[in-house]
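Data from work.txt: compact mmCIF, C-alpha atoms
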# COMPACT_ATOMS: atom_id res chain seq x y z
CA MET A 1 101.22 -194.27 -30.37
CA SER A 2 98.32 -193.56 -32.75
CA HIS A 3 98.76 -196.99 -34.36
CA ASP A 4 98.74 -198.66 -30.94
CA ILE A 5 95.59 -196.79 -29.90
CA ALA A 6 93.78 -197.72 -33.10
CA THR A 7 94.75 -201.37 -32.62
CA THR A 8 93.56 -201.28 -29.03
CA ASP A 9 90.23 -199.76 -30.09
CA ARG A 10 89.63 -202.54 -32.61
CA HIS A 11 90.39 -205.26 -30.05
CA ASP A 12 88.45 -203.72 -27.13
CA ARG A 13 85.35 -202.61 -29.03
CA PRO A 14 82.49 -205.02 -28.29
CA GLU A 15 81.29 -207.12 -31.19
CA PRO A 16 77.57 -206.65 -32.00
CA SER A 17 75.44 -209.72 -31.34
CA VAL A 18 73.08 -211.21 -33.92
CA PRO A 19 69.52 -210.28 -32.88
CA ALA A 20 67.02 -213.11 -32.44
CA VAL A 21 64.16 -210.95 -33.76
CA ARG A 22 63.92 -207.86 -35.94
CA GLU A 23 61.13 -205.39 -36.42
CA PHE A 24 58.59 -205.86 -39.19
CA PRO A 25 55.20 -204.17 -39.81
CA ALA A 26 52.20 -205.65 -38.06
CA ARG A 27 49.02 -206.43 -39.97
CA SER A 28 46.52 -203.69 -39.22
CA ILE A 29 43.68 -201.83 -40.87
CA ALA A 30 42.35 -198.31 -40.62
CA GLY A 31 40.63 -197.87 -37.29
CA GLY A 32 37.85 -195.64 -38.59
CA LEU A 33 36.18 -198.47 -40.51
CA ALA A 34 36.64 -200.89 -37.61
CA LEU A 35 35.15 -198.36 -35.19
CA LEU A 36 32.14 -197.85 -37.47
CA LEU A 37 31.53 -201.59 -37.89
CA GLY A 38 31.96 -202.24 -34.19
CA THR A 39 29.56 -199.49 -33.23
CA ALA A 40 27.05 -200.81 -35.77
CA GLY A 41 27.40 -204.30 -34.29
CA VAL A 42 26.76 -203.11 -30.75
CA VAL A 43 23.75 -201.10 -31.88
CA ALA A 44 22.41 -204.02 -33.91
CA GLY A 45 22.78 -206.39 -30.97
CA ALA A 46 20.97 -203.96 -28.68
CA LEU A 47 18.14 -203.54 -31.21
CA LEU A 48 17.74 -207.31 -31.48
CA VAL A 49 17.39 -207.62 -27.72
CA VAL A 50 14.85 -204.76 -27.59
CA ALA A 51 12.89 -206.13 -30.52
CA ALA A 52 12.82 -209.60 -28.98
CA ALA A 53 11.54 -208.19 -25.69
CA LEU A 54 8.59 -206.59 -27.50
CA MET A 55 7.59 -209.81 -29.23
CA GLU A 56 4.89 -212.02 -27.78
CA SER A 57 6.34 -215.22 -29.18
CA VAL A 58 8.42 -217.06 -26.61
CA ALA A 59 10.37 -218.90 -29.29
CA ALA A 60 11.31 -215.65 -31.04
CA ARG A 61 12.47 -214.09 -27.79
CA ALA A 62 14.50 -217.19 -26.94
CA THR A 63 16.24 -216.91 -30.30
CA LEU A 64 16.69 -213.17 -30.77
CA ILE A 65 17.79 -212.23 -27.26
CA PRO A 66 20.83 -214.60 -27.19
CA LEU A 67 21.62 -213.63 -30.79
CA GLY A 68 21.56 -209.93 -29.90
CA ILE A 69 23.78 -210.52 -26.88
CA VAL A 70 26.27 -212.50 -28.97
CA VAL A 71 26.36 -209.85 -31.71
CA ALA A 72 26.84 -206.97 -29.24
CA THR A 73 29.50 -208.90 -27.29
CA ALA A 74 31.39 -209.86 -30.46
CA ALA A 75 31.33 -206.25 -31.67
CA ALA A 76 32.58 -204.98 -28.28
CA VAL A 77 35.39 -207.54 -28.26
CA ALA A 78 36.35 -206.60 -31.80
CA MET A 79 36.51 -202.93 -30.84
CA ALA A 80 39.09 -203.85 -28.19
CA GLY A 81 41.54 -204.17 -31.09
CA LEU A 82 41.48 -200.43 -31.71
CA ASN A 83 44.69 -198.53 -30.94
CA MET A 84 45.50 -194.84 -30.84
CA VAL A 85 49.05 -194.38 -32.17
CA ALA A 86 50.51 -190.90 -31.70
CA PRO A 87 53.34 -189.50 -33.83
CA GLY A 88 56.69 -190.58 -32.44
CA GLU A 89 55.22 -193.73 -30.91
CA ALA A 90 54.86 -197.37 -31.93
CA ARG A 91 52.94 -200.42 -30.75
CA VAL A 92 54.71 -203.76 -30.40
CA VAL A 93 52.12 -206.45 -31.11
CA GLN A 94 52.27 -209.90 -29.48
CA LEU A 95 49.93 -212.85 -29.83
CA PHE A 96 50.18 -215.41 -27.03
CA GLY A 97 53.78 -214.32 -26.37
CA ARG A 98 54.84 -214.36 -30.01
CA TYR A 99 55.97 -211.20 -31.77
CA ARG A 100 53.54 -210.32 -34.55
CA GLY A 101 54.96 -207.01 -35.76
CA THR A 102 55.03 -203.30 -34.93
CA ILE A 103 52.49 -200.59 -35.72
CA ARG A 104 54.23 -197.33 -36.65
CA THR A 105 51.43 -195.67 -38.65
CA ASP A 106 49.99 -192.91 -36.51
CA GLY A 107 46.26 -192.49 -36.02
CA LEU A 108 43.55 -195.01 -35.20
CA ARG A 109 44.50 -198.56 -36.19
CA TRP A 110 42.86 -201.95 -35.63
CA VAL A 111 44.58 -205.28 -35.03
CA ASN A 112 43.56 -208.67 -33.74
CA PRO A 113 41.85 -207.97 -30.38
CA LEU A 114 43.42 -211.08 -28.86
CA THR A 115 46.88 -209.56 -29.18
CA SER A 116 48.68 -207.43 -26.60
CA ARG A 117 50.08 -204.06 -27.71
CA GLU A 118 53.03 -202.56 -25.87
CA ARG A 119 53.61 -198.84 -26.30
CA ILE A 120 57.18 -197.73 -27.03
CA SER A 121 58.45 -194.24 -27.83
CA THR A 122 60.51 -193.68 -30.97
CA ARG A 123 61.20 -190.01 -30.22
CA VAL A 124 64.72 -188.59 -29.89
CA ARG A 125 65.98 -188.74 -26.30
CA ASN A 126 68.87 -187.32 -24.30
CA HIS A 127 70.89 -189.15 -21.70
CA GLU A 128 73.47 -187.27 -19.66
CA THR A 129 75.85 -189.22 -17.48
CA ALA A 130 76.83 -188.16 -14.01
CA VAL A 131 80.29 -186.70 -13.51
CA LEU A 132 82.56 -189.76 -13.52
CA LYS A 133 85.94 -189.88 -11.81
CA VAL A 134 88.43 -192.15 -13.61
CA ASN A 135 92.15 -192.38 -14.34
CA ASP A 136 93.31 -191.40 -17.81
CA ALA A 137 95.92 -193.27 -19.85
CA TYR A 138 98.74 -191.68 -17.79
CA GLY A 139 97.09 -192.61 -14.49
CA ASN A 140 95.99 -189.06 -13.65
CA PRO A 141 92.57 -188.82 -11.98
CA ILE A 142 90.15 -186.84 -14.11
CA GLU A 143 86.45 -185.98 -14.07
CA LEU A 144 84.27 -186.21 -17.15
CA ALA A 145 80.63 -186.43 -18.19
CA ALA A 146 78.92 -186.87 -21.54
CA VAL A 147 75.52 -186.40 -23.14
CA VAL A 148 74.18 -188.87 -25.69
CA VAL A 149 71.35 -188.20 -28.14
CA TRP A 150 69.64 -191.42 -29.21
CA ARG A 151 66.41 -192.98 -30.38
CA VAL A 152 64.87 -196.44 -30.73
CA GLU A 153 65.46 -197.67 -34.26
CA ASP A 154 64.23 -201.27 -33.96
CA THR A 155 61.32 -201.68 -31.52
CA ALA A 156 61.48 -205.47 -31.58
CA GLN A 157 65.12 -205.51 -30.45
CA ALA A 158 64.45 -202.85 -27.81
CA MET A 159 61.58 -204.89 -26.41
CA PHE A 160 62.90 -208.45 -26.62
CA GLU A 161 66.72 -208.37 -26.85
CA VAL A 162 67.34 -206.59 -23.53
CA ASP A 163 65.49 -206.53 -20.24
CA ASP A 164 65.13 -202.73 -20.00
CA PHE A 165 66.46 -200.74 -22.94
CA LEU A 166 66.47 -197.44 -20.98
CA GLU A 167 68.68 -198.87 -18.25
CA PHE A 168 70.75 -200.68 -20.88
CA VAL A 169 71.53 -197.44 -22.72
CA SER A 170 72.38 -195.70 -19.45
CA THR A 171 74.75 -198.44 -18.31
CA GLN A 172 76.46 -198.86 -21.68
CA THR A 173 76.92 -195.10 -22.05
CA GLU A 174 78.72 -194.89 -18.72
CA ALA A 175 80.85 -197.92 -19.63
CA ALA A 176 81.81 -196.39 -22.99
CA VAL A 177 82.74 -193.04 -21.41
CA ARG A 178 84.90 -194.79 -18.81
CA HIS A 179 86.61 -196.90 -21.48
CA ILE A 180 87.41 -193.87 -23.64
CA ALA A 181 88.76 -192.02 -20.60
CA ILE A 182 91.23 -194.76 -19.65
CA GLU A 183 92.39 -195.24 -23.25
CA TYR A 184 93.53 -191.63 -23.81
CA PRO A 185 95.38 -189.08 -21.69
CA TYR A 186 93.91 -185.75 -20.67
CA ASP A 187 96.90 -184.02 -22.26
CA ALA A 188 99.31 -185.86 -24.56
CA HIS A 189 103.04 -185.50 -23.84
CA ASP A 190 103.94 -185.93 -27.49
CA GLU A 191 102.53 -183.98 -30.40
CA ASP A 192 101.41 -187.03 -32.41
CA GLY A 193 99.31 -188.60 -29.64
CA LEU A 194 95.59 -188.07 -29.17
CA SER A 195 94.35 -186.47 -25.97
CA LEU A 196 90.92 -185.85 -24.46
CA ARG A 197 91.43 -182.09 -24.28
CA GLY A 198 93.40 -181.49 -27.44
CA ASN A 199 91.52 -183.79 -29.84
CA ALA A 200 87.91 -183.41 -28.77
CA GLU A 201 86.45 -184.06 -32.23
CA GLU A 202 88.41 -187.26 -32.82
CA ILE A 203 87.70 -188.60 -29.33
CA THR A 204 84.00 -187.75 -29.66
CA GLU A 205 83.86 -189.66 -32.94
CA LYS A 206 85.48 -192.69 -31.30
CA LEU A 207 83.01 -192.42 -28.40
CA GLY A 208 80.12 -192.44 -30.87
CA LEU A 209 81.47 -195.54 -32.63
CA GLU A 210 81.91 -197.40 -29.37
CA LEU A 211 78.46 -196.40 -28.15
CA HIS A 212 76.92 -197.60 -31.41
CA ALA A 213 78.60 -200.99 -31.04
CA ARG A 214 77.50 -201.30 -27.42
CA VAL A 215 73.80 -200.38 -27.81
CA GLU A 216 73.19 -201.89 -31.25
CA ALA A 217 71.83 -205.05 -29.62
CA ALA A 218 68.97 -203.00 -28.13
CA GLY A 219 67.93 -201.59 -31.50
CA VAL A 220 69.11 -198.11 -30.51
CA ARG A 221 70.75 -195.62 -32.87
CA ILE A 222 73.19 -193.05 -31.51
CA ILE A 223 72.56 -189.66 -33.13
CA GLU A 224 75.22 -187.62 -31.34
CA SER A 225 77.52 -187.83 -28.34
CA ARG A 226 79.46 -185.02 -26.67
CA PHE A 227 81.55 -184.49 -23.57
CA THR A 228 79.88 -181.94 -21.29
CA HIS A 229 82.49 -181.90 -18.52
CA LEU A 230 86.22 -182.58 -18.67
CA ALA A 231 88.69 -181.57 -15.98
CA TYR A 232 91.40 -182.85 -13.74
CA ALA A 233 90.30 -184.13 -10.35
CA PRO A 234 90.47 -181.48 -7.60
CA GLU A 235 93.40 -183.16 -5.83
CA ILE A 236 95.74 -182.65 -8.79
CA ALA A 237 94.07 -179.72 -10.55
CA SER A 238 96.43 -177.16 -9.01
CA ALA A 239 99.59 -179.06 -9.96
CA MET A 240 98.34 -179.70 -13.49
CA LEU A 241 97.42 -176.04 -13.86
CA GLN A 242 100.99 -175.07 -13.01
CA ARG A 243 102.22 -177.60 -15.56
CA GLN A 244 99.94 -176.16 -18.23
CA GLN A 245 101.02 -172.62 -17.37
CA ALA A 246 104.68 -173.64 -17.59
CA GLY A 247 104.05 -175.25 -20.95
CA ALA A 248 102.34 -172.09 -22.17
CA VAL A 249 105.26 -169.95 -21.00
CA VAL A 250 107.77 -172.24 -22.74
CA ALA A 251 105.73 -172.17 -25.95
CA ALA A 252 105.49 -168.38 -25.81
CA ARG A 253 109.24 -168.04 -25.20
CA ARG A 254 109.96 -170.38 -28.09
CA GLN A 255 107.83 -168.25 -30.37
CA ILE A 256 109.55 -165.06 -29.16
CA VAL A 257 113.00 -166.54 -29.74
CA ASP A 258 112.03 -167.75 -33.22
CA GLY A 259 110.76 -164.28 -34.08
CA ALA A 260 113.82 -162.59 -32.63
CA VAL A 261 116.19 -164.81 -34.63
CA GLY A 262 114.33 -163.95 -37.80
CA MET A 263 114.49 -160.23 -37.06
CA VAL A 264 118.25 -160.41 -36.34
CA GLU A 265 118.87 -162.32 -39.57
CA ALA A 266 116.85 -159.74 -41.50
CA ALA A 267 118.76 -156.85 -39.86
CA LEU A 268 122.19 -158.33 -40.63
CA HIS A 269 121.14 -159.13 -44.19
CA ARG A 270 119.81 -155.59 -44.72
CA LEU A 271 122.96 -153.98 -43.31
CA ALA A 272 125.16 -156.10 -45.52
CA GLU A 273 123.00 -155.60 -48.59
CA ASP A 274 122.83 -151.79 -48.27
CA ASP A 275 126.53 -151.62 -47.31
CA VAL A 276 125.70 -149.47 -44.30
CA VAL A 277 128.53 -150.78 -42.18
CA ASP A 278 131.20 -153.44 -42.51
CA LEU A 279 131.01 -155.74 -39.48
CA ASP A 280 133.73 -158.21 -38.64
CA PRO A 281 132.70 -161.48 -36.92
CA GLU A 282 133.32 -160.11 -33.41
CA ARG A 283 131.24 -156.95 -33.95
CA LYS A 284 128.56 -159.03 -35.64
CA ALA A 285 128.44 -161.35 -32.62
CA ALA A 286 128.15 -158.38 -30.27
CA MET A 287 125.33 -156.91 -32.37
CA VAL A 288 123.49 -160.21 -32.40
CA SER A 289 123.84 -160.50 -28.62
CA ASN A 290 122.51 -157.01 -28.04
CA LEU A 291 119.59 -157.45 -30.40
CA MET A 292 118.61 -160.78 -28.84
CA VAL A 293 118.68 -159.25 -25.37
CA VAL A 294 116.49 -156.36 -26.49
CA LEU A 295 114.01 -158.51 -28.42
CA CYS A 296 113.72 -161.35 -25.90
CA GLY A 297 113.90 -159.36 -22.66
CA ASP A 298 110.92 -158.95 -20.34
CA ARG A 299 111.67 -155.29 -19.66
CA SER A 300 112.36 -152.27 -21.79
CA ALA A 301 115.98 -151.93 -22.90
CA GLN A 302 118.14 -149.28 -21.21
CA PRO A 303 120.36 -147.66 -23.87
CA VAL A 304 124.06 -147.36 -23.11
CA ILE A 305 126.24 -145.03 -25.17
CA ASN A 306 129.66 -146.47 -25.81
CA THR A 307 132.19 -143.59 -26.18
CA GLY A 308 135.10 -145.90 -26.73
CA THR A 309 135.65 -148.80 -29.06
CA LEU A 310 134.72 -152.42 -28.82
CA TYR A 311 138.35 -153.35 -28.12
CA GLN A 312 138.99 -150.87 -25.30
Show me this structure written as structure tokens.
Amino acid sequence: MSHDIATTDRHDRPEPSVPAVREFPARSIAGGLALLLGTAGVVAGALLVVAAALMESVAARATLIPLGIVVATAAAVAMAGLNMVAPGEARVVQLFGRYRGTIRTDGLRWVNPLTSRERISTRVRNHETAVLKVNDAYGNPIELAAVVVWRVEDTAQAMFEVDDFLEFVSTQTEAAVRHIAIEYPYDAHDEDGLSLRGNAEEITEKLGLELHARVEAAGVRIIESRFTHLAYAPEIASAMLQRQQAGAVVAARRQIVDGAVGMVEAALHRLAEDDVVDLDPERKAAMVSNLMVVLCGDRSAQPVINTGTLYQ
């Protein structure tokens, strides 16, 4: 069964697509210098206009006033390229619709003012699915939910490969959880098979691998995934609880019987070794029967004194 499940996982796992664009650093400079130069340009342009207004020469005013306006306007436009980048954030830079790189360096940065800069968070995020009701591998209705810890690894893929990477991660997480649920039973009938309840670590690892394959196209990295809710559906919960209780009782009885057999073997071996009493096969069988009844019984044994012999 394990071989079949592994084969099924390999065939059903989605193949990652080749991204059309990948993240690379955008060309940017320190924003402090750009802010200083831009401020100086605005001030210089304003001073030119004021100086020209104070001049008596018409020709000088006609030259200096437009020059001051141009200098101040150019400096103001250049300052529009300033960006405040906080830790855990990035700016995706585009020029006339073309990807020109990503700014990840935090602080004040300057890029071409003609570009557009889209803010995208690179912080760690949590996504918890709603409680999903699906049928497991045996067809039993179960309820399960999962939480996924993830972050944006490639901002270019997150921005351009999918329409909305937040909705994409949400949808693919739910699809992966449903797929895992229908591939494995809640409780395995055989000891070698994997089950959702009995092999939580293995199933969680497989869920993480499938999630990684599903969201890789969006430039997202799965950090951790865990089931937060796992139970039978209410309509069969009572019957399955009785089945689990019966299985527990059988397992406990099996352990009691195994222990009792060992104790009887030890008692017979000790009696024979110390030569306490010589038991023929019939007396030995009677002793074994009595000991098994005492050791495996639910109630305390009631002693009976035999005043005769075994054969009377």
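Between CA of Glu56 (chain A) and CA of Gly68 (chain A) the separation is 16.9 Å.
The closest residue to Val111 (chain A), picked from A:Ala78, A:Ala137, A:Val288, A:Ala175 and counting all atoms listed in the file, is A:Ala78.
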List the spatial neighbours of Ile180 (chain A) as a CSV table (one decimal) with C-alpha atoms, in the frame of the given file - criterion: any atom at most 9 Å away, all atoms listed in the file, same-chain residues fewer than 5 positions off excluded.
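Printed below is selection25.csv as written:
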chain,number,residue,atom,x,y,z
A,136,ASP,CA,93.3,-191.4,-17.8
A,175,ALA,CA,80.8,-197.9,-19.6
A,196,LEU,CA,90.9,-185.8,-24.5
A,203,ILE,CA,87.7,-188.6,-29.3
A,206,LYS,CA,85.5,-192.7,-31.3
A,207,LEU,CA,83.0,-192.4,-28.4
A,210,GLU,CA,81.9,-197.4,-29.4
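Of the residues listed (A:Val215, A:Ala76, A:Leu271, A:Ile103), A:Ile103 shows the shortest atom-to-atom separation from Ser28 (chain A); distances use only C-alpha atoms.
For the choices A:Ile142, A:Ala34, A:Ala40, A:Glu128, the atom-to-atom distance to Glu235 (chain A) is smallest for A:Ile142 when using all atoms listed in the file.
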(request) Name all residues at most 10 Å from region 146-155 of chain A (count all atoms listed in the file; drop same-chain ones fewer than 5 positions away) and give them as JSON, numbers by chain. (result) {"A": [21, 22, 23, 24, 90, 91, 92, 101, 102, 103, 104, 119, 120, 121, 122, 123, 124, 125, 126, 127, 128, 129, 130, 131, 132, 160, 161, 165, 166, 169, 170, 173, 174, 177, 204, 207, 208, 211, 212, 215, 216, 217, 218, 219, 220, 221, 222, 223, 224, 225, 226, 227, 228, 229, 230]}
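The residue that comes closest to Arg109 (chain A), out of A:Ala26, A:Leu47, A:Ala272, A:Ala188 and on the basis of only C-alpha atoms, is A:Ala26.
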(request) Mind giving me the straight-line distance from CA of Ala59 (chain A) to CA of Ala72 (chain A) in Å, one decimal? (result) 20.3 Å
(request) Determine the nearest neighbour of Ala80 (chain A) from the options A:Leu279, A:Ala52, A:Trp110, A:Ala62, counting all atoms listed in the file. (result) A:Trp110
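As for CA of Gly88 (chain A) and CA of Leu36 (chain A), they are spaced 26.1 Å apart.
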(message) Just want the 7 Å neighbourhood of Val264 (chain A), counted on all atoms listed in the file, with same-chain residues fewer than 4 positions away dropped. Output as number ranges by chain.
(response) A: 260, 268, 288, 291
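Nearest residue to Tyr184 (chain A) among A:Glu202, A:Glu273, A:Asp164, A:Glu282 is A:Glu202, counting all atoms listed in the file.
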(request) Can you pull out every residue within 12 Å of Tyr186 (chain A), counting only C-alpha atoms, but drop anything in the same chain fewer than 6 positions away, and send it as a list in words? (result) Val134, Asn135, Asp136, Ala137, Tyr138, Gly139, Asn140, Pro141, Ile142, Glu143, Leu144, Ile180, Gly193, Leu194, Ser195, Leu196, Arg197, Gly198, Asn199, Ala200, Ile203, Leu230, Ala231, Tyr232, Ala233, Ala237, Met240 and Gln244 of chain A
Could you write out as AutoDock Vina command-line options the box around region 166-185 of chain A (axis-aligned, all atoms listed in the file, 5 Å on each side), with centre and edge lengths in Å to one decimal?
--center_x 80.9 --center_y -194.9 --center_z -21.0 --size_x 38.9 --size_y 21.6 --size_z 15.6
